[in-house]
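Shown here: structure-v2.txt, compact mmCIF, N, CA and C atoms.
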# COMPACT_ATOMS: atom_id res chain seq x y z
N MET A 21 13.19 15.93 4.25
CA MET A 21 13.37 17.29 3.79
C MET A 21 12.60 18.21 4.74
N THR A 22 13.22 19.27 5.17
CA THR A 22 12.59 20.22 6.08
C THR A 22 12.09 21.44 5.30
N LYS A 23 11.35 22.31 6.00
CA LYS A 23 10.88 23.54 5.36
C LYS A 23 12.07 24.35 4.83
N ASN A 24 13.14 24.39 5.61
CA ASN A 24 14.33 25.12 5.20
C ASN A 24 14.93 24.51 3.93
N ASP A 25 14.98 23.19 3.85
CA ASP A 25 15.51 22.51 2.66
C ASP A 25 14.65 22.84 1.43
N ILE A 26 13.35 22.86 1.62
CA ILE A 26 12.45 23.19 0.50
C ILE A 26 12.68 24.63 0.05
N ALA A 27 12.85 25.54 1.00
CA ALA A 27 13.10 26.95 0.67
C ALA A 27 14.41 27.10 -0.10
N VAL A 28 15.44 26.38 0.31
CA VAL A 28 16.72 26.43 -0.40
C VAL A 28 16.56 25.88 -1.81
N ALA A 29 15.82 24.79 -1.97
CA ALA A 29 15.57 24.22 -3.30
C ALA A 29 14.82 25.21 -4.18
N LEU A 30 13.86 25.94 -3.60
CA LEU A 30 13.15 26.98 -4.36
C LEU A 30 14.11 28.06 -4.83
N CYS A 31 15.02 28.46 -3.96
CA CYS A 31 16.01 29.48 -4.33
C CYS A 31 16.89 29.02 -5.48
N HIS A 32 17.23 27.74 -5.51
CA HIS A 32 18.05 27.21 -6.60
C HIS A 32 17.27 27.15 -7.92
N ARG A 33 15.97 26.88 -7.83
CA ARG A 33 15.16 26.80 -9.06
C ARG A 33 14.77 28.17 -9.59
N ILE A 34 14.50 29.10 -8.67
CA ILE A 34 14.14 30.47 -9.06
C ILE A 34 15.30 31.34 -8.60
N HIS A 35 16.20 31.67 -9.51
CA HIS A 35 17.51 32.23 -9.18
C HIS A 35 17.46 33.57 -8.45
N ASP A 36 16.48 34.42 -8.72
CA ASP A 36 16.44 35.73 -8.08
C ASP A 36 15.61 35.74 -6.80
N LEU A 37 15.19 34.60 -6.33
CA LEU A 37 14.32 34.53 -5.15
C LEU A 37 15.16 34.53 -3.88
N PRO A 38 14.95 35.53 -3.00
CA PRO A 38 15.68 35.54 -1.72
C PRO A 38 15.18 34.41 -0.82
N LYS A 39 16.07 33.91 0.03
CA LYS A 39 15.72 32.80 0.90
C LYS A 39 14.59 33.18 1.86
N SER A 40 14.57 34.42 2.33
CA SER A 40 13.52 34.85 3.25
C SER A 40 12.15 34.78 2.58
N THR A 41 12.08 35.15 1.32
CA THR A 41 10.82 35.07 0.58
C THR A 41 10.43 33.62 0.35
N ALA A 42 11.41 32.79 0.04
CA ALA A 42 11.13 31.37 -0.17
C ALA A 42 10.60 30.74 1.11
N LEU A 43 11.16 31.09 2.25
CA LEU A 43 10.66 30.57 3.53
C LEU A 43 9.23 31.02 3.78
N GLN A 44 8.91 32.27 3.42
CA GLN A 44 7.54 32.77 3.58
C GLN A 44 6.58 32.00 2.68
N VAL A 45 7.01 31.68 1.47
CA VAL A 45 6.17 30.92 0.54
C VAL A 45 5.90 29.53 1.09
N VAL A 46 6.94 28.87 1.58
CA VAL A 46 6.79 27.52 2.12
C VAL A 46 5.88 27.54 3.35
N GLU A 47 6.08 28.50 4.23
CA GLU A 47 5.26 28.60 5.44
C GLU A 47 3.80 28.90 5.06
N SER A 48 3.58 29.77 4.10
CA SER A 48 2.22 30.10 3.66
C SER A 48 1.54 28.89 3.04
N MET A 49 2.27 28.13 2.25
CA MET A 49 1.72 26.92 1.64
C MET A 49 1.31 25.93 2.72
N SER A 50 2.14 25.79 3.73
CA SER A 50 1.85 24.89 4.84
C SER A 50 0.58 25.33 5.57
N GLU A 51 0.43 26.62 5.80
CA GLU A 51 -0.75 27.15 6.48
C GLU A 51 -2.01 26.96 5.64
N ILE A 52 -1.91 27.17 4.33
CA ILE A 52 -3.06 27.01 3.43
C ILE A 52 -3.52 25.55 3.44
N LEU A 53 -2.58 24.62 3.33
CA LEU A 53 -2.93 23.20 3.35
C LEU A 53 -3.54 22.81 4.69
N SER A 54 -2.94 23.28 5.78
CA SER A 54 -3.46 22.96 7.12
C SER A 54 -4.88 23.47 7.28
N ASP A 55 -5.15 24.70 6.85
CA ASP A 55 -6.50 25.27 6.95
C ASP A 55 -7.50 24.45 6.15
N ALA A 56 -7.09 24.02 4.96
CA ALA A 56 -7.99 23.21 4.13
C ALA A 56 -8.31 21.88 4.82
N PHE A 57 -7.31 21.24 5.41
CA PHE A 57 -7.53 19.96 6.09
C PHE A 57 -8.43 20.13 7.30
N VAL A 58 -8.21 21.20 8.07
CA VAL A 58 -9.05 21.45 9.25
C VAL A 58 -10.50 21.65 8.84
N ASN A 59 -10.72 22.27 7.67
CA ASN A 59 -12.07 22.51 7.16
C ASN A 59 -12.65 21.30 6.44
N GLY A 60 -11.90 20.20 6.39
CA GLY A 60 -12.39 18.98 5.75
C GLY A 60 -12.29 18.97 4.24
N GLU A 61 -11.51 19.87 3.67
CA GLU A 61 -11.37 19.97 2.22
C GLU A 61 -10.24 19.07 1.72
N ASN A 62 -10.46 18.42 0.59
CA ASN A 62 -9.40 17.67 -0.08
C ASN A 62 -8.59 18.65 -0.92
N VAL A 63 -7.31 18.35 -1.12
CA VAL A 63 -6.43 19.21 -1.91
C VAL A 63 -5.89 18.40 -3.07
N TYR A 64 -6.12 18.88 -4.31
CA TYR A 64 -5.66 18.19 -5.52
C TYR A 64 -4.56 19.01 -6.17
N LEU A 65 -3.38 18.42 -6.32
CA LEU A 65 -2.26 19.06 -7.00
C LEU A 65 -1.94 18.22 -8.24
N ARG A 66 -2.29 18.75 -9.40
CA ARG A 66 -2.11 18.02 -10.65
C ARG A 66 -0.66 17.61 -10.83
N GLY A 67 -0.45 16.36 -11.18
CA GLY A 67 0.89 15.83 -11.40
C GLY A 67 1.58 15.39 -10.12
N PHE A 68 0.96 15.66 -8.97
CA PHE A 68 1.55 15.27 -7.69
C PHE A 68 0.66 14.27 -6.97
N GLY A 69 -0.60 14.66 -6.72
CA GLY A 69 -1.52 13.75 -6.06
C GLY A 69 -2.65 14.48 -5.37
N THR A 70 -3.45 13.71 -4.65
CA THR A 70 -4.60 14.24 -3.93
C THR A 70 -4.44 13.94 -2.45
N PHE A 71 -4.54 14.99 -1.64
CA PHE A 71 -4.57 14.84 -0.19
C PHE A 71 -6.03 14.73 0.20
N GLU A 72 -6.42 13.59 0.75
CA GLU A 72 -7.82 13.36 1.13
C GLU A 72 -7.96 13.34 2.64
N VAL A 73 -8.95 14.08 3.14
CA VAL A 73 -9.26 14.04 4.56
C VAL A 73 -10.17 12.84 4.78
N LYS A 74 -9.73 11.93 5.63
CA LYS A 74 -10.48 10.70 5.91
C LYS A 74 -10.79 10.63 7.40
N THR A 75 -11.89 9.99 7.72
CA THR A 75 -12.25 9.74 9.11
C THR A 75 -12.11 8.26 9.38
N THR A 76 -11.27 7.91 10.35
CA THR A 76 -11.14 6.51 10.74
C THR A 76 -12.18 6.25 11.83
N PRO A 77 -12.92 5.16 11.72
CA PRO A 77 -13.97 4.89 12.71
C PRO A 77 -13.39 4.45 14.05
N GLN A 78 -14.22 4.56 15.07
CA GLN A 78 -13.84 4.06 16.40
C GLN A 78 -13.62 2.56 16.29
N ARG A 79 -12.63 2.04 17.04
CA ARG A 79 -12.37 0.60 16.97
C ARG A 79 -11.85 0.10 18.30
N LYS A 80 -11.91 -1.20 18.44
CA LYS A 80 -11.38 -1.85 19.64
C LYS A 80 -9.97 -2.33 19.34
N ALA A 81 -9.11 -2.25 20.35
CA ALA A 81 -7.75 -2.75 20.22
C ALA A 81 -7.39 -3.48 21.51
N ARG A 82 -6.36 -4.24 21.45
CA ARG A 82 -5.96 -5.03 22.61
C ARG A 82 -4.64 -4.52 23.15
N ASN A 83 -4.61 -4.22 24.45
CA ASN A 83 -3.38 -3.87 25.14
C ASN A 83 -2.74 -5.18 25.57
N ILE A 84 -1.73 -5.60 24.84
CA ILE A 84 -1.12 -6.91 25.06
C ILE A 84 -0.48 -7.02 26.44
N SER A 85 0.19 -5.97 26.87
CA SER A 85 0.90 -6.05 28.16
C SER A 85 -0.05 -6.15 29.35
N ALA A 86 -1.20 -5.46 29.27
CA ALA A 86 -2.16 -5.50 30.38
C ALA A 86 -3.25 -6.55 30.16
N GLY A 87 -3.38 -7.01 28.92
CA GLY A 87 -4.40 -8.01 28.61
C GLY A 87 -5.82 -7.45 28.58
N THR A 88 -5.93 -6.13 28.37
CA THR A 88 -7.26 -5.51 28.35
C THR A 88 -7.61 -5.04 26.96
N THR A 89 -8.89 -4.77 26.76
CA THR A 89 -9.37 -4.21 25.51
C THR A 89 -9.59 -2.71 25.72
N VAL A 90 -9.10 -1.93 24.78
CA VAL A 90 -9.27 -0.48 24.85
C VAL A 90 -10.01 -0.01 23.61
N ILE A 91 -10.66 1.12 23.74
CA ILE A 91 -11.38 1.73 22.61
C ILE A 91 -10.52 2.86 22.06
N ILE A 92 -10.24 2.79 20.78
CA ILE A 92 -9.52 3.87 20.09
C ILE A 92 -10.59 4.74 19.44
N PRO A 93 -10.66 6.02 19.80
CA PRO A 93 -11.73 6.88 19.28
C PRO A 93 -11.57 7.16 17.79
N ALA A 94 -12.68 7.55 17.16
CA ALA A 94 -12.64 7.95 15.76
C ALA A 94 -11.82 9.23 15.64
N ARG A 95 -11.13 9.37 14.53
CA ARG A 95 -10.36 10.59 14.32
C ARG A 95 -10.19 10.87 12.84
N ARG A 96 -9.88 12.11 12.54
CA ARG A 96 -9.64 12.50 11.15
C ARG A 96 -8.15 12.47 10.86
N THR A 97 -7.82 12.10 9.62
CA THR A 97 -6.44 12.05 9.19
C THR A 97 -6.38 12.44 7.72
N VAL A 98 -5.18 12.62 7.20
CA VAL A 98 -5.00 12.98 5.79
C VAL A 98 -4.22 11.86 5.12
N LYS A 99 -4.72 11.41 3.98
CA LYS A 99 -4.06 10.38 3.18
C LYS A 99 -3.65 11.00 1.85
N LEU A 100 -2.49 10.62 1.37
CA LEU A 100 -2.01 11.10 0.07
C LEU A 100 -2.14 9.97 -0.95
N LYS A 101 -2.86 10.25 -2.01
CA LYS A 101 -2.95 9.33 -3.14
C LYS A 101 -2.15 9.97 -4.27
N ILE A 102 -0.97 9.39 -4.58
CA ILE A 102 -0.11 10.03 -5.56
C ILE A 102 -0.66 9.86 -6.98
N SER A 103 -0.30 10.79 -7.85
CA SER A 103 -0.77 10.75 -9.23
C SER A 103 -0.03 9.68 -10.02
N LEU A 104 -0.60 9.29 -11.12
CA LEU A 104 0.03 8.29 -11.99
C LEU A 104 1.36 8.81 -12.52
N GLN A 105 1.43 10.11 -12.85
CA GLN A 105 2.69 10.69 -13.35
C GLN A 105 3.80 10.57 -12.31
N LEU A 106 3.49 10.88 -11.05
CA LEU A 106 4.50 10.78 -10.00
C LEU A 106 4.87 9.33 -9.74
N LYS A 107 3.88 8.45 -9.75
CA LYS A 107 4.15 7.03 -9.54
C LYS A 107 5.10 6.50 -10.62
N ASN A 108 4.82 6.86 -11.87
CA ASN A 108 5.70 6.43 -12.97
C ASN A 108 7.09 7.02 -12.84
N ARG A 109 7.17 8.29 -12.46
CA ARG A 109 8.46 8.95 -12.30
C ARG A 109 9.28 8.29 -11.18
N MET A 110 8.62 7.93 -10.09
CA MET A 110 9.30 7.29 -8.97
C MET A 110 9.84 5.91 -9.35
N ASN A 111 9.17 5.23 -10.26
CA ASN A 111 9.56 3.89 -10.67
C ASN A 111 10.30 3.86 -12.00
N ASN A 112 10.77 5.03 -12.45
CA ASN A 112 11.54 5.16 -13.69
C ASN A 112 10.82 4.59 -14.89
N GLU A 113 9.51 4.79 -14.93
CA GLU A 113 8.71 4.34 -16.08
C GLU A 113 8.34 5.57 -16.89
N ASN A 114 8.30 5.41 -18.19
CA ASN A 114 7.95 6.55 -19.05
C ASN A 114 6.57 6.48 -19.53

Take the structure in the file and give it back as C-alpha cells.
Amino acid sequence: MTKNDIAVALCHRIHDLPKSTALQVVESMSEILSDAFVNGENVYLRGFGTFEVKTTPQRKARNISAGTTVIIPARRTVKLKISLQLKNRMNNEN
C-alpha cells in the first residue's frame, strides 16, 4: 500500500474529505513518526502496536565470496510489535 492508496482509503472512510487533504494528513503523519524515530522516541498506537527504536550492536560477519571477515557497525532501527487486538484480527480470532 502506498501513501496515495492510504489517502484514497481515507477518502472512502471519511466521505467529505478531499483527496488533497487526505494526502496532506498521510504526509504529516509520516513526518511526525519520522521525527519521533530520529529523536529516539517510541510510538504507541492503541489497537495497532508499538514502534520501538532499537539499536543493533556492532557485529562481525563473513563475506563468503572473498573469505574475509567484515565489521557491521552498530545502527538504529525501528521494530513494530503488533497489539494483541491486531494479532487476533489478523488470525481471525475473536

* To do: Grab the atom C of A:Pro77 to atom C of A:Pro93 distance for me, in Å with one decimal place.
  => 5.0 Å

Every residue with an atom at most 6 Å from (-9.2, 15.0, 1.0) (file coordinates; only C-alpha atoms) is what I'm after, so could you write them as a CSV table (one decimal) with N, CA and C atoms, in the coordinates of the input?
chain,number,residue,atom,x,y,z
A,61,GLU,N,-11.5,19.9,3.7
A,61,GLU,CA,-11.4,20.0,2.2
A,61,GLU,C,-10.2,19.1,1.7
A,62,ASN,N,-10.5,18.4,0.6
A,62,ASN,CA,-9.4,17.7,-0.1
A,62,ASN,C,-8.6,18.6,-0.9
A,63,VAL,N,-7.3,18.4,-1.1
A,63,VAL,CA,-6.4,19.2,-1.9
A,63,VAL,C,-5.9,18.4,-3.1
A,71,PHE,N,-4.5,15.0,-1.6
A,71,PHE,CA,-4.6,14.8,-0.2
A,71,PHE,C,-6.0,14.7,0.2
A,72,GLU,N,-6.4,13.6,0.8
A,72,GLU,CA,-7.8,13.4,1.1
A,72,GLU,C,-8.0,13.3,2.6
A,73,VAL,N,-9.0,14.1,3.1
A,73,VAL,CA,-9.3,14.0,4.6
A,73,VAL,C,-10.2,12.8,4.8

* **DSSP-assigned strand (DSSP E or B) members of chain A, reported as an MDAnalysis selection string** => chainID A and resid 63:65 69:76 79:83 88:92 95:102

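Atom to atom, atom CA of A:Ala29 and atom CA of A:Thr97 stand 28.1 Å apart.
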
* Distance atom N of A:Val90-atom CA of A:Thr76, one decimal place? -> 16.5 Å

* Could you tell me which of A:Asn83, A:Ser40, A:Thr75, A:Asn111 comes closest to A:Arg95 if we count all atoms listed in the file? =>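 Of A:Asn83, A:Ser40, A:Thr75, A:Asn111, the one nearest A:Arg95 is A:Thr75, counting all atoms listed in the file.
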
* To do: From a DSSP calculation on the backbone, collect every residue of stretch 46-103 of chain A in helix (DSSP H, G or I) and output the set as a list in words.
  => Val46, Glu47, Ser48, Met49, Ser50, Glu51, Ile52, Leu53, Ser54, Asp55, Ala56, Phe57 and Val58 of chain A

* Using all atoms listed in the file, what residues lie at most 5 Å away from (-10.3, 16.5, 7.5) (file coordinates), given as a list in words? ->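 Within 5 Å of (-10.3, 16.5, 7.5), the protein and nucleic acid residues are Phe57, Gly60, Val73 and Lys74 of chain A.
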